[in-house]
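protein39.txt follows; it contains compact mmCIF, C-alpha atoms.
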# COMPACT_ATOMS: atom_id res chain seq x y z
CA MET A 7 -6.43 24.94 -48.08
CA VAL A 8 -7.66 24.90 -44.50
CA ALA A 9 -10.54 27.22 -45.39
CA ALA A 10 -11.44 25.04 -48.35
CA THR A 11 -11.45 21.94 -46.18
CA ALA A 12 -13.67 23.70 -43.67
CA LEU A 13 -16.07 24.67 -46.41
CA LEU A 14 -16.16 21.08 -47.61
CA LEU A 15 -16.85 19.75 -44.13
CA MET A 16 -19.56 22.24 -43.22
CA PRO A 17 -22.31 20.87 -45.40
CA ILE A 18 -21.46 17.33 -44.35
CA SER A 19 -21.89 18.13 -40.68
CA SER A 20 -25.07 20.00 -41.36
CA VAL A 21 -26.44 17.05 -43.33
CA ARG A 22 -25.56 14.78 -40.42
CA ALA A 23 -27.40 16.99 -37.97
CA ASP A 24 -30.55 16.92 -40.03
CA ASP A 25 -30.24 13.42 -41.33
CA THR A 26 -33.33 12.07 -39.68
CA PRO A 27 -36.72 11.41 -41.24
CA SER A 28 -38.32 14.06 -39.04
CA GLY A 29 -35.78 16.78 -39.72
CA PRO A 30 -33.95 18.31 -36.72
CA LYS A 31 -33.34 15.83 -33.94
CA ALA A 32 -36.24 15.85 -31.52
CA PRO A 33 -35.66 15.56 -27.78
CA GLN A 34 -35.89 11.93 -26.79
CA ALA A 35 -39.06 11.04 -24.95
CA ASP A 36 -38.80 9.63 -21.45
CA GLY A 37 -40.86 6.78 -20.16
CA PRO A 38 -42.53 6.64 -16.78
CA ARG A 39 -40.47 7.74 -13.84
CA VAL A 40 -40.15 5.90 -10.55
CA THR A 41 -38.97 7.84 -7.52
CA ILE A 42 -37.86 5.77 -4.55
CA SER A 43 -37.15 7.08 -1.07
CA VAL A 44 -34.35 4.84 0.16
CA ASP A 45 -33.77 4.60 3.90
CA GLY A 46 -30.29 3.67 5.11
CA LEU A 47 -28.55 5.31 2.16
CA SER A 48 -25.83 7.41 3.72
CA CYS A 49 -22.52 7.06 1.85
CA PRO A 50 -21.29 7.40 -1.75
CA PHE A 51 -19.70 3.92 -1.82
CA CYS A 52 -23.02 2.25 -1.02
CA VAL A 53 -24.79 3.96 -3.92
CA TYR A 54 -23.01 1.81 -6.49
CA GLY A 55 -24.58 -1.45 -5.35
CA LEU A 56 -28.00 0.20 -5.23
CA GLU A 57 -27.65 1.57 -8.76
CA LYS A 58 -26.60 -1.83 -10.08
CA LYS A 59 -29.59 -3.52 -8.52
CA LEU A 60 -32.02 -0.89 -9.81
CA LYS A 61 -30.57 -1.08 -13.33
CA LYS A 62 -31.26 -4.81 -13.39
CA VAL A 63 -35.00 -4.23 -13.05
CA LYS A 64 -36.71 -4.89 -16.39
CA GLY A 65 -37.40 -1.82 -18.50
CA VAL A 66 -35.05 0.56 -16.69
CA LYS A 67 -33.42 3.21 -18.87
CA THR A 68 -31.54 5.38 -16.40
CA VAL A 69 -30.95 5.57 -12.67
CA LYS A 70 -30.00 8.72 -10.84
CA VAL A 71 -29.39 8.87 -7.13
CA GLU A 72 -29.63 11.97 -4.96
CA LEU A 73 -27.66 11.04 -1.88
CA GLN A 74 -28.58 14.12 0.12
CA ASN A 75 -32.31 13.37 -0.11
CA GLY A 76 -32.00 9.61 -0.17
CA LEU A 77 -33.81 9.45 -3.49
CA ALA A 78 -33.31 7.12 -6.43
CA VAL A 79 -34.96 8.42 -9.59
CA VAL A 80 -35.46 5.71 -12.19
CA THR A 81 -36.54 6.47 -15.73
CA LEU A 82 -38.16 3.61 -17.58
CA LYS A 83 -37.92 3.10 -21.30
CA ALA A 84 -40.50 5.02 -23.30
CA GLY A 85 -43.57 2.98 -24.09
CA GLN A 86 -42.74 0.59 -21.31
CA PRO A 87 -45.98 -0.97 -20.05
CA VAL A 88 -46.25 -0.34 -16.36
CA ASP A 89 -48.24 -2.22 -13.82
CA THR A 90 -47.83 0.15 -10.91
CA GLU A 91 -48.04 -2.43 -8.16
CA LYS A 92 -45.71 -4.86 -9.91
CA THR A 93 -43.30 -2.03 -10.65
CA LYS A 94 -43.26 -0.95 -7.04
CA ALA A 95 -42.75 -4.53 -5.88
CA ALA A 96 -39.86 -5.02 -8.32
CA PHE A 97 -38.09 -1.88 -7.17
CA ARG A 98 -38.77 -2.61 -3.51
CA ALA A 99 -37.14 -6.01 -3.97
CA ALA A 100 -34.17 -4.47 -5.78
CA VAL A 101 -33.61 -1.98 -2.98
CA LYS A 102 -33.81 -4.79 -0.42
CA LYS A 103 -31.25 -6.85 -2.33
CA ALA A 104 -28.93 -3.86 -2.22
CA GLY A 105 -29.23 -3.93 1.57
CA PHE A 106 -31.50 -0.92 2.06
CA THR A 107 -35.13 -0.17 2.78
CA ALA A 108 -37.52 1.39 0.26
CA ARG A 109 -39.82 3.68 2.19
CA LYS A 110 -41.99 5.38 -0.44
CA ILE A 111 -42.20 4.61 -4.13
CA THR A 112 -43.86 6.99 -6.57
CA VAL A 113 -44.65 6.14 -10.19
CA SER A 114 -45.11 9.15 -12.47
CA PRO A 115 -45.95 9.36 -16.16
CA GLY A 116 -43.15 10.15 -18.56
CA SER A 117 -42.78 13.18 -20.80
CA LYS A 118 -45.72 14.33 -22.96
CA LYS A 119 -44.49 12.45 -25.98
CA ALA A 120 -44.04 9.31 -23.99
CA SER A 121 -47.39 9.60 -22.29
CA LYS A 122 -49.08 9.60 -25.71
CA THR A 123 -47.81 6.08 -26.14
CA PRO A 124 -50.63 3.69 -25.43
CA ALA A 125 -50.14 2.19 -22.02
CA LYS A 126 -51.02 -1.46 -21.50
CA GLY A 127 -50.61 -1.82 -17.77
CA GLY A 128 -52.81 1.04 -16.64
CA GLY A 129 -51.84 3.60 -14.07
CA THR A 130 -48.96 5.01 -16.05
CA ASN A 131 -50.57 8.41 -16.48
CA ARG A 132 -51.55 8.85 -12.93
CA GLU A 133 -49.13 9.55 -10.17
CA GLN A 134 -49.53 6.89 -7.59
CA GLN A 135 -47.96 6.71 -4.21
CA GLU A 136 -47.57 3.91 -1.78
CA MET B 1215 20.74 -18.63 16.84
CA ASN B 1216 17.45 -18.18 18.60
CA VAL B 1217 15.46 -15.00 18.56
CA PRO B 1218 15.16 -13.53 22.04
CA ARG B 1219 11.80 -14.12 23.64
CA ASN B 1220 10.96 -10.47 24.01
CA MET B 1221 11.63 -10.07 20.31
CA GLN B 1222 9.30 -12.95 19.65
CA ARG B 1223 6.75 -11.14 21.75
CA ALA B 1224 7.09 -7.99 19.70
CA ALA B 1225 6.71 -10.05 16.56
CA LEU B 1226 3.62 -11.63 18.01
CA MET B 1227 2.03 -8.31 18.77
CA CYS B 1228 2.84 -7.19 15.25
CA LEU B 1229 1.22 -10.30 13.88
CA ALA B 1230 -1.82 -9.72 16.01
CA ILE B 1231 -2.15 -6.26 14.52
CA LEU B 1232 -1.50 -7.55 11.02
CA GLY B 1233 -4.22 -10.04 11.64
CA SER B 1234 -6.57 -7.20 12.44
CA PRO B 1235 -10.04 -7.68 11.08
CA ILE B 1236 -9.72 -5.54 7.99
CA TRP B 1237 -11.85 -8.01 6.09
CA LEU B 1238 -14.96 -6.82 7.83
CA ALA B 1239 -14.21 -3.23 7.09
CA VAL B 1240 -14.76 -4.12 3.47
CA THR B 1241 -18.42 -3.48 3.02
CA GLY B 1242 -20.72 -1.70 0.69
CA PHE B 1243 -19.81 1.43 2.61
CA ALA B 1244 -16.64 3.29 3.29
CA GLY B 1245 -16.21 1.98 6.81
CA PRO B 1246 -13.33 2.10 9.24
CA ILE B 1247 -9.71 1.66 8.19
CA THR B 1248 -8.32 -0.56 10.91
CA SER B 1249 -11.39 -2.20 12.35
CA ASN B 1250 -14.72 -3.84 11.61
CA SER B 1251 -18.08 -2.61 10.45
CA ALA B 1252 -21.53 -4.13 10.16
CA LEU B 1253 -22.44 -2.37 6.95
CA PRO B 1254 -23.71 -4.43 4.03
CA ILE B 1255 -22.73 -5.45 0.55
CA ALA B 1256 -25.45 -5.85 -2.06
CA GLU B 1257 -26.56 -9.34 -2.96
CA GLY B 1258 -24.47 -10.84 -5.74
CA GLU B 1259 -21.95 -8.00 -5.67
CA LEU B 1260 -18.19 -8.19 -5.21
CA ILE B 1261 -15.83 -5.77 -3.51
CA VAL B 1262 -12.07 -6.07 -3.56
CA ARG B 1263 -9.84 -4.44 -1.03
CA GLY B 1264 -6.10 -4.06 -1.20
CA GLN B 1265 -4.10 -2.89 1.73
CA GLY B 1266 -0.52 -2.30 2.73
CA LYS B 1267 0.57 -2.35 6.36
CA LEU B 1268 3.95 -1.55 7.80
CA ILE B 1269 4.95 -2.11 11.41
CA ARG B 1270 8.25 -0.99 12.87
CA SER B 1271 9.62 -1.92 16.25
CA THR B 1272 12.91 -0.27 17.19
CA GLY B 1273 14.49 1.54 20.11
CA ASP B 1274 16.15 -1.46 21.66
CA SER B 1275 18.51 -0.14 24.34
CA THR B 1276 20.50 -3.35 24.62
CA PHE B 1277 23.65 -4.12 22.67
CA MET B 1278 21.56 -6.23 20.28
CA ASP B 1279 19.89 -3.11 18.87
CA ARG B 1280 17.04 -5.19 17.58
CA GLU B 1281 14.82 -3.90 14.82
CA LEU B 1282 11.74 -5.66 13.63
CA THR B 1283 9.93 -4.82 10.41
CA VAL B 1284 6.73 -6.55 9.45
CA TRP B 1285 4.80 -5.69 6.34
CA SER B 1286 1.66 -7.17 4.94
CA ALA B 1287 -0.34 -6.74 1.75
CA PRO B 1288 -3.60 -8.58 2.16
CA THR B 1289 -6.10 -8.80 -0.66
CA VAL B 1290 -9.66 -9.18 0.51
CA PHE B 1291 -12.57 -10.41 -1.58
CA VAL B 1292 -16.06 -9.80 -0.26
CA TYR B 1293 -19.15 -11.31 -1.80
CA GLY B 1294 -22.74 -10.56 -0.89
CA ALA B 1295 -24.39 -13.99 -0.72
CA THR B 1296 -27.60 -12.23 0.30
CA GLU B 1297 -28.25 -8.68 1.41
CA LYS B 1298 -27.61 -9.83 4.97
CA LEU B 1299 -24.95 -12.51 4.56
CA ALA B 1300 -21.49 -11.49 3.40
CA LEU B 1301 -18.61 -13.88 2.76
CA PHE B 1302 -15.01 -12.76 3.13
CA GLY B 1303 -11.76 -14.24 1.91
CA VAL B 1304 -8.46 -12.72 3.02
CA PHE B 1305 -5.27 -13.62 1.17
CA PRO B 1306 -2.21 -11.98 2.69
CA TYR B 1307 1.25 -11.62 1.28
CA LEU B 1308 3.64 -10.62 4.02
CA GLY B 1309 7.22 -10.28 5.02
CA LYS B 1310 9.04 -10.30 8.35
CA SER B 1311 12.55 -9.10 8.95
CA LEU B 1312 14.45 -9.12 12.21
CA ASP B 1313 17.80 -7.32 12.44
CA ILE B 1314 19.92 -8.09 15.42
CA THR B 1315 23.51 -7.41 16.46
CA THR B 1316 25.50 -10.41 17.60
CA PRO B 1317 29.18 -10.86 18.51
CA SER B 1318 29.72 -12.04 14.94
CA GLY B 1319 28.03 -8.99 13.43
CA ARG B 1320 24.66 -7.75 12.30
CA LEU B 1321 22.25 -10.49 11.29
CA THR B 1322 18.95 -10.43 9.50
CA ARG B 1323 16.44 -13.22 9.75
CA GLY B 1324 13.03 -13.45 8.23
CA ASP B 1325 10.94 -14.53 5.29
CA SER B 1326 8.30 -13.34 2.87
CA GLY B 1327 5.48 -15.01 1.02
CA LEU B 1328 1.85 -16.00 1.37
CA GLY B 1329 0.50 -16.05 4.88
CA ASP B 1330 -2.44 -17.81 6.44
CA PHE B 1331 -5.73 -17.32 4.58
CA LYS B 1332 -8.85 -16.34 6.44
CA PHE B 1333 -12.46 -17.08 5.57
CA LEU B 1334 -15.33 -15.40 7.36
CA ALA B 1335 -19.08 -15.08 7.21
CA ARG B 1336 -21.01 -12.16 8.66
CA TYR B 1337 -24.75 -11.93 9.07
CA ILE B 1338 -26.64 -8.68 9.62
CA LEU B 1339 -28.77 -9.64 12.59
CA GLY B 1340 -30.27 -6.21 13.23
CA GLN B 1341 -30.87 -3.35 10.82
CA TRP B 1342 -32.60 -0.03 11.44
CA ASP B 1343 -32.75 2.26 8.41
CA GLY B 1344 -33.91 5.87 8.41
CA PRO B 1345 -33.61 8.79 6.00
CA GLY B 1346 -29.87 9.32 5.54
CA GLU B 1347 -28.82 6.99 8.31
CA THR B 1348 -28.55 3.35 9.30
CA LEU B 1349 -27.73 1.29 12.38
CA ARG B 1350 -26.68 -2.33 11.98
CA ILE B 1351 -25.35 -5.21 14.05
CA GLY B 1352 -23.51 -8.07 12.43
CA PRO B 1353 -22.03 -11.06 14.26
CA PHE B 1354 -19.40 -13.03 12.40
CA VAL B 1355 -17.53 -16.31 12.50
CA GLY B 1356 -14.43 -17.33 10.65
CA LEU B 1357 -11.44 -19.58 10.40
CA GLU B 1358 -7.78 -18.88 9.77
CA VAL B 1359 -6.32 -21.76 7.83
CA PRO B 1360 -2.64 -22.73 7.79
CA THR B 1361 -1.73 -21.87 4.21
CA GLY B 1362 1.41 -19.95 5.09
CA GLU B 1363 4.77 -21.68 5.39
CA ASP B 1364 5.37 -22.70 9.00
CA ASP B 1365 8.61 -24.62 8.70
CA GLU B 1366 10.95 -22.18 6.98
CA ALA B 1367 14.65 -22.14 7.80
CA ASP B 1368 17.68 -20.05 6.99
CA SER B 1369 21.39 -20.67 7.37
CA LEU B 1370 20.98 -20.44 11.14
CA GLY B 1371 18.34 -23.12 11.27
CA ARG B 1372 14.55 -23.18 11.56
CA LEU B 1373 13.05 -19.75 11.97
CA PRO B 1374 11.36 -19.21 15.33
CA GLN B 1375 7.61 -19.68 15.08
CA PRO B 1376 6.79 -15.94 15.30
CA LEU B 1377 8.97 -15.30 12.26
CA GLN B 1378 7.27 -18.00 10.22
CA LEU B 1379 4.76 -16.80 7.63
CA GLY B 1380 2.06 -19.11 8.88
CA SER B 1381 1.03 -20.37 12.29
CA GLY B 1382 0.45 -23.93 11.11
CA SER B 1383 -2.76 -24.01 13.11
CA TRP B 1384 -6.48 -23.83 12.38
CA ASP B 1385 -7.77 -20.88 14.36
CA PRO B 1386 -11.48 -20.05 14.77
CA ILE B 1387 -12.59 -16.42 15.03
CA VAL B 1388 -15.83 -15.06 16.47
CA GLY B 1389 -17.06 -11.54 17.03
CA THR B 1390 -19.65 -8.93 16.38
CA ALA B 1391 -19.66 -5.46 14.87
CA LEU B 1392 -21.99 -2.52 15.20
CA SER B 1393 -22.17 0.42 12.77
CA TRP B 1394 -24.13 3.63 12.90
CA GLN B 1395 -23.81 5.77 9.82
CA SER B 1396 -25.31 9.09 8.80
CA LEU B 1397 -24.67 11.38 5.86
CA ASP B 1398 -22.15 13.34 7.93
CA TRP B 1399 -20.45 10.74 10.10
CA GLU B 1400 -20.07 7.07 10.89
CA PHE B 1401 -19.38 5.23 14.14
CA ASP B 1402 -18.27 1.62 14.24
CA THR B 1403 -17.35 -0.65 17.09
CA SER B 1404 -16.54 -4.31 17.27
CA VAL B 1405 -15.30 -7.03 19.57
CA SER B 1406 -13.65 -10.21 18.37
CA TYR B 1407 -11.87 -13.24 19.75
CA LYS B 1408 -9.46 -15.56 18.00
CA PHE B 1409 -8.91 -19.03 19.44
CA ASN B 1410 -5.36 -19.89 18.49
CA THR B 1411 -4.70 -23.61 18.45
CA GLN B 1412 -1.56 -25.67 18.68
CA ALA B 1413 0.75 -26.59 15.81
CA ASN B 1414 4.39 -27.67 15.66
CA GLY B 1415 4.43 -27.95 19.44
CA PHE B 1416 3.66 -24.25 19.72
CA GLU B 1417 0.45 -22.41 20.50
CA PHE B 1418 0.06 -18.67 20.15
CA GLY B 1419 -1.97 -17.07 22.89
CA ASP B 1420 -5.60 -16.33 22.12
CA GLN B 1421 -6.34 -12.81 20.95
CA ALA B 1422 -9.17 -10.46 21.91
CA ARG B 1423 -9.85 -7.11 20.26
CA PHE B 1424 -12.05 -4.15 20.99
CA ASP B 1425 -12.12 -1.57 18.22
CA ALA B 1426 -13.91 1.70 17.67
CA SER B 1427 -13.86 4.08 14.73
CA PHE B 1428 -15.32 7.50 14.04
CA GLN B 1429 -15.37 8.97 10.55
CA TYR B 1430 -16.45 12.53 9.86
CA ARG B 1431 -17.05 14.15 6.49
CA LEU B 1432 -14.59 17.02 6.12
CA TRP B 1433 -15.41 17.83 2.52
CA PRO B 1434 -17.71 18.83 0.95
CA ARG B 1435 -19.14 20.74 3.87
CA THR B 1436 -22.59 20.72 2.29
CA LEU B 1437 -23.89 18.03 0.00
CA GLY B 1438 -24.82 19.02 -3.52
CA GLU B 1439 -26.72 17.21 -6.22
CA GLY B 1440 -26.07 13.62 -7.16
CA VAL B 1441 -23.45 11.59 -5.38
CA PRO B 1442 -20.45 13.71 -4.40
CA GLY B 1443 -17.15 12.23 -3.28
CA TYR B 1444 -16.44 12.42 0.43
CA LEU B 1445 -13.22 13.27 2.19
CA ASN B 1446 -13.47 11.77 5.65
CA GLY B 1447 -11.31 12.36 8.67
CA VAL B 1448 -10.92 9.16 10.64
CA VAL B 1449 -10.08 8.53 14.31
CA GLU B 1450 -9.82 4.97 15.53
CA SER B 1451 -9.02 3.08 18.72
CA ASN B 1452 -7.74 -0.49 18.85
CA LEU B 1453 -7.44 -2.36 22.13
CA LEU B 1454 -5.66 -5.67 21.73
CA TRP B 1455 -5.10 -8.35 24.33
CA GLN B 1456 -3.14 -11.51 23.80
CA ASP B 1457 -2.78 -14.46 26.13
CA HIS B 1458 0.55 -16.17 26.88
CA ASN B 1459 2.00 -18.50 24.30
CA GLU B 1460 2.69 -22.11 25.03
CA ALA B 1461 5.69 -24.00 23.75
CA ALA B 1462 5.89 -27.75 24.30
CA GLY B 1463 3.03 -27.43 26.74
CA LEU B 1464 4.78 -24.82 28.88
CA ARG B 1465 3.43 -21.31 29.29
CA ASP B 1466 5.77 -18.56 28.14
CA HIS B 1467 5.51 -15.85 30.77
CA ASN B 1468 7.31 -13.45 28.48
CA SER B 1469 4.55 -13.40 25.94
CA GLY B 1470 1.20 -11.72 25.47
CA GLY B 1471 -0.08 -8.54 27.01
CA LEU B 1472 -2.23 -5.52 26.33
CA THR B 1473 -1.76 -2.87 23.65
CA TRP B 1474 -3.88 0.17 22.93
CA TYR B 1475 -3.47 2.07 19.70
CA LEU B 1476 -4.96 5.32 18.55
CA ALA B 1477 -5.11 6.00 14.84
CA ALA B 1478 -5.68 9.06 12.71
CA GLY B 1479 -6.38 8.86 9.01
CA LEU B 1480 -7.94 10.22 5.87
CA GLN B 1481 -10.33 8.53 3.52
CA TYR B 1482 -11.62 9.62 0.11
CA VAL B 1483 -14.84 7.92 -0.85
CA THR B 1484 -16.53 7.79 -4.25
CA LYS B 1485 -19.15 5.48 -5.70
CA ARG B 1486 -16.67 2.91 -6.97
CA LEU B 1487 -13.46 3.59 -5.12
CA VAL B 1488 -12.22 4.31 -1.62
CA VAL B 1489 -8.61 5.28 -0.96
CA GLU B 1490 -7.41 5.68 2.57
CA THR B 1491 -4.46 5.91 4.88
CA ALA B 1492 -3.98 5.88 8.63
CA VAL B 1493 -1.23 5.86 11.19
CA GLN B 1494 -1.64 3.93 14.42
CA LEU B 1495 0.41 4.98 17.39
CA PRO B 1496 0.70 2.97 20.58
CA VAL B 1497 -0.75 4.72 23.61
CA VAL B 1498 -0.37 1.82 26.00
CA GLN B 1499 1.87 -1.20 25.55
CA ASN B 1500 1.59 -3.28 28.67
CA LEU B 1501 3.30 -6.40 27.45
CA ASN B 1502 4.22 -9.28 29.72
CA GLY B 1503 7.90 -9.29 30.57
CA SER B 1504 10.29 -6.86 28.94
CA ALA B 1505 9.27 -6.53 25.33
CA LEU B 1506 10.38 -4.42 22.45
CA GLU B 1507 7.53 -2.06 21.80
CA ASN B 1508 6.01 -1.08 18.49
CA ASP B 1509 6.80 2.38 17.12
CA PHE B 1510 3.98 2.84 14.66
CA ILE B 1511 1.75 1.08 12.18
CA LEU B 1512 1.17 2.66 8.78
CA THR B 1513 -1.81 1.51 6.77
CA THR B 1514 -2.76 2.49 3.23
CA GLY B 1515 -5.29 0.88 0.97
CA PHE B 1516 -8.14 0.99 -1.46
CA ARG B 1517 -11.53 -0.63 -1.95
CA LEU B 1518 -13.10 -1.16 -5.31
CA ASN B 1519 -16.70 -1.91 -6.20
CA PHE B 1520 -17.07 -4.38 -9.08
Re-express the file's structure as structure tokens.
Amino acid sequence: MVAATALLLMPISSVRADDTPSGPKAPQADGPRVTISVDGLSCPFCVYGLEKKLKKVKGVKTVKVELQNGLAVVTLKAGQPVDTEKTKAAFRAAVKKAGFTARKITVSPGSKKASKTPAKGGGTNREQQE
Amino acid sequence: MNVPRNMQRAALMCLAILGSPIWLAVTGFAGPITSNSALPIAEGELIVRGQGKLIRSTGDSTFMDRELTVWSAPTVFVYGATEKLALFGVFPYLGKSLDITTPSGRLTRGDSGLGDFKFLARYILGQWDGPGETLRIGPFVGLEVPTGEDDEADSLGRLPQPLQLGSGSWDPIVGTALSWQSLDWEFDTSVSYKFNTQANGFEFGDQARFDASFQYRLWPRTLGEGVPGYLNGVVESNLLWQDHNEAAGLRDHNSGGLTWYLAAGLQYVTKRLVVETAVQLPVVQNLNGSALENDFILTTGFRLNF
């Protein structure tokens, strides 16, 4: 009975895995990435407020903080139009509201798939530093 | 029956410690356990801190064998009005119990309930940020408002003022805090002064504090990827001075004095939660007159990022 149930379930799960128009699930493309060097970041408890402020910036998909290096790595949604200067200003303001100082902000293009997406703001495919 | 003056004095010193500026230790950072910091809270963010404090004063060599227990459970709400201006509200629930031997037997007097609320504002006047470290100075002002009961009585009559839950007075507070924090350690120091005013014909002596705290990351020894939790060892110093009280316009020469506490504690810090505990032991208790001295102060608490 158990074996029969397993046999019945196997095809279902395999259908689920492949149940996308493009066949096997493709790795999700990332949008542009913003790396922020945050000065004054020196304790785990303070990271939470910083993450919340960064996540409120328009177009943000994920935020990851590396405490040891004082880096906040923000991934934007794929296809997100990016005006580099406006993006930097928005993140600089978010860091300030969290009570810290943004020293250097780098905007990098996303993954290959994402970078094929037409960019409207310009500068998304070039790494730019401030 | 009146509480002996030296017992009142011990109660006063307990209250001064209970009134310690824990509100300012609630910041966007871990911070000290028993004293202030100048570290920030993000704009528009809320932090809640809960704390439990227990103070015991025993060892009375007289026939009265007095024992004083004071406990407090303040809840502190901190809101970041801007990245530099933080607003604090402190809402204590506390209890005071005095056991004393009399010719008619052992008596207990005391009360429990809401104490005096405190409201403070702190502004980060100076801020120097570097990679993995920050140095900040934050002056603050506040007011303790008479929300606690100050006219409670038991079967023996009105409780002496030091055993009341509230002072009945509006008491301004001023001070400043300095914090220097790195990835491995944090140093905080602060001075504060509380101007106690008169109520019910009684005026507690003004209080001055000088606090210092050093926190050192014990674990992990080396930082890995992401945001690891910290286990900090904490050493703190609290110097507390209190002026004489005045009752009916007369100075009470058996009140006030100087107390110096050293504290050791542990603190576990994550992104959303801090849990901590510390024990303060009196090193110097130079109280005016002959006072019952404090044995220890136990503090446990948590801080939660919302």
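Nearest to chain A of all the residues B:Tyr1444, B:Tyr1337, B:Phe1354, B:Trp1474 is B:Tyr1444, counting all atoms listed in the file.
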Residues within 8 Å of B:Leu1518, only C-alpha atoms, excluding chain neighbours under 3 positions, as an MDAnalysis selection string: chainID B and resid 1261:1263 1486:1488
Exercise: A:Phe97 partners within 7 Å, all atoms listed in the file, chain neighbours under 4 positions left out, as a list in words: Leu60, Thr93 and Val101 of chain A
Distance in Å - atom CA of B:Ala1256 versus atom CA of B:Ala1426: 24.1 Å
What are the nearest atom pairs, with distances in Å to one decimal, for all residues of chain B that come at most 8 Å from chain A, using all atoms listed in the file, set out by chain and rising residue number as a Markdown table?
| residue | atom | partner | partner_atom | distance |
| --- | --- | --- | --- | --- |
| B:Gly1242 | CA | A:Cys52 | CA | 4.9 |
| B:Phe1243 | CA | A:Cys52 | CA | 4.9 |
| B:Ala1244 | CA | A:Phe51 | CA | 6.0 |
| B:Pro1254 | CA | A:Gly105 | CA | 6.1 |
| B:Ile1255 | CA | A:Gly105 | CA | 6.8 |
| B:Ala1256 | CA | A:Ala104 | CA | 4.0 |
| B:Glu1257 | CA | A:Lys103 | CA | 5.3 |
| B:Glu1259 | CA | A:Gly55 | CA | 7.1 |
| B:Thr1296 | CA | A:Lys103 | CA | 7.0 |
| B:Glu1297 | CA | A:Gly105 | CA | 4.9 |
| B:Lys1298 | CA | A:Gly105 | CA | 7.0 |
| B:Trp1342 | CA | A:Gly46 | CA | 7.7 |
| B:Asp1343 | CA | A:Gly46 | CA | 4.4 |
| B:Gly1344 | CA | A:Asp45 | CA | 4.7 |
| B:Pro1345 | CA | A:Asp45 | CA | 4.7 |
| B:Gly1346 | CA | A:Ser48 | CA | 4.8 |
| B:Glu1347 | CA | A:Gly46 | CA | 4.8 |
| B:Thr1348 | CA | A:Gly46 | CA | 4.5 |
| B:Gln1395 | CA | A:Ser48 | CA | 6.6 |
| B:Ser1396 | CA | A:Ser48 | CA | 5.4 |
| B:Leu1397 | CA | A:Ser48 | CA | 4.7 |
| B:Leu1437 | CA | A:Gln74 | CA | 6.1 |
| B:Gly1438 | CA | A:Gln74 | CA | 7.2 |
| B:Glu1439 | CA | A:Glu72 | CA | 6.1 |
| B:Gly1440 | CA | A:Glu72 | CA | 4.5 |
| B:Val1441 | CA | A:Leu73 | CA | 5.5 |
| B:Pro1442 | CA | A:Pro50 | CA | 6.9 |
| B:Gly1443 | CA | A:Pro50 | CA | 6.5 |
| B:Tyr1444 | CA | A:Pro50 | CA | 7.3 |
| B:Val1483 | CA | A:Phe51 | CA | 6.4 |
| B:Thr1484 | CA | A:Pro50 | CA | 5.4 |
| B:Lys1485 | CA | A:Phe51 | CA | 4.2 |
| B:Arg1486 | CA | A:Phe51 | CA | 6.1 |
| B:Leu1487 | CA | A:Phe51 | CA | 7.1 |
| B:Val1488 | CA | A:Phe51 | CA | 7.5 |
| B:Asn1519 | CA | A:Tyr54 | CA | 7.3 |
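Between atom CA of B:Leu1328 and atom CA of B:Thr1272 lies a distance of 24.9 Å.
Picture a line from atom CA of B:Asp1313 to atom CA of B:Gly1327; it runs 18.5 Å.
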Neighbours of point (3.2, 4.6, 8.4) within 6 Å, using all atoms listed in the file, written as a VMD selection string: chain B and resid 1493 1511 to 1512
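The residue that comes closest to B:Thr1411, out of B:Gly1382, B:Pro1374, B:Gly1356, B:Gly1258 and on the basis of all atoms listed in the file, is B:Gly1382.
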Point (16.5, -3.9, 15.2), cut-off 10 Å, counting all atoms listed in the file, residues as a PyMOL selection string: chain B and resi 1221+1270-1274+1278-1283+1311-1315+1320-1322+1506
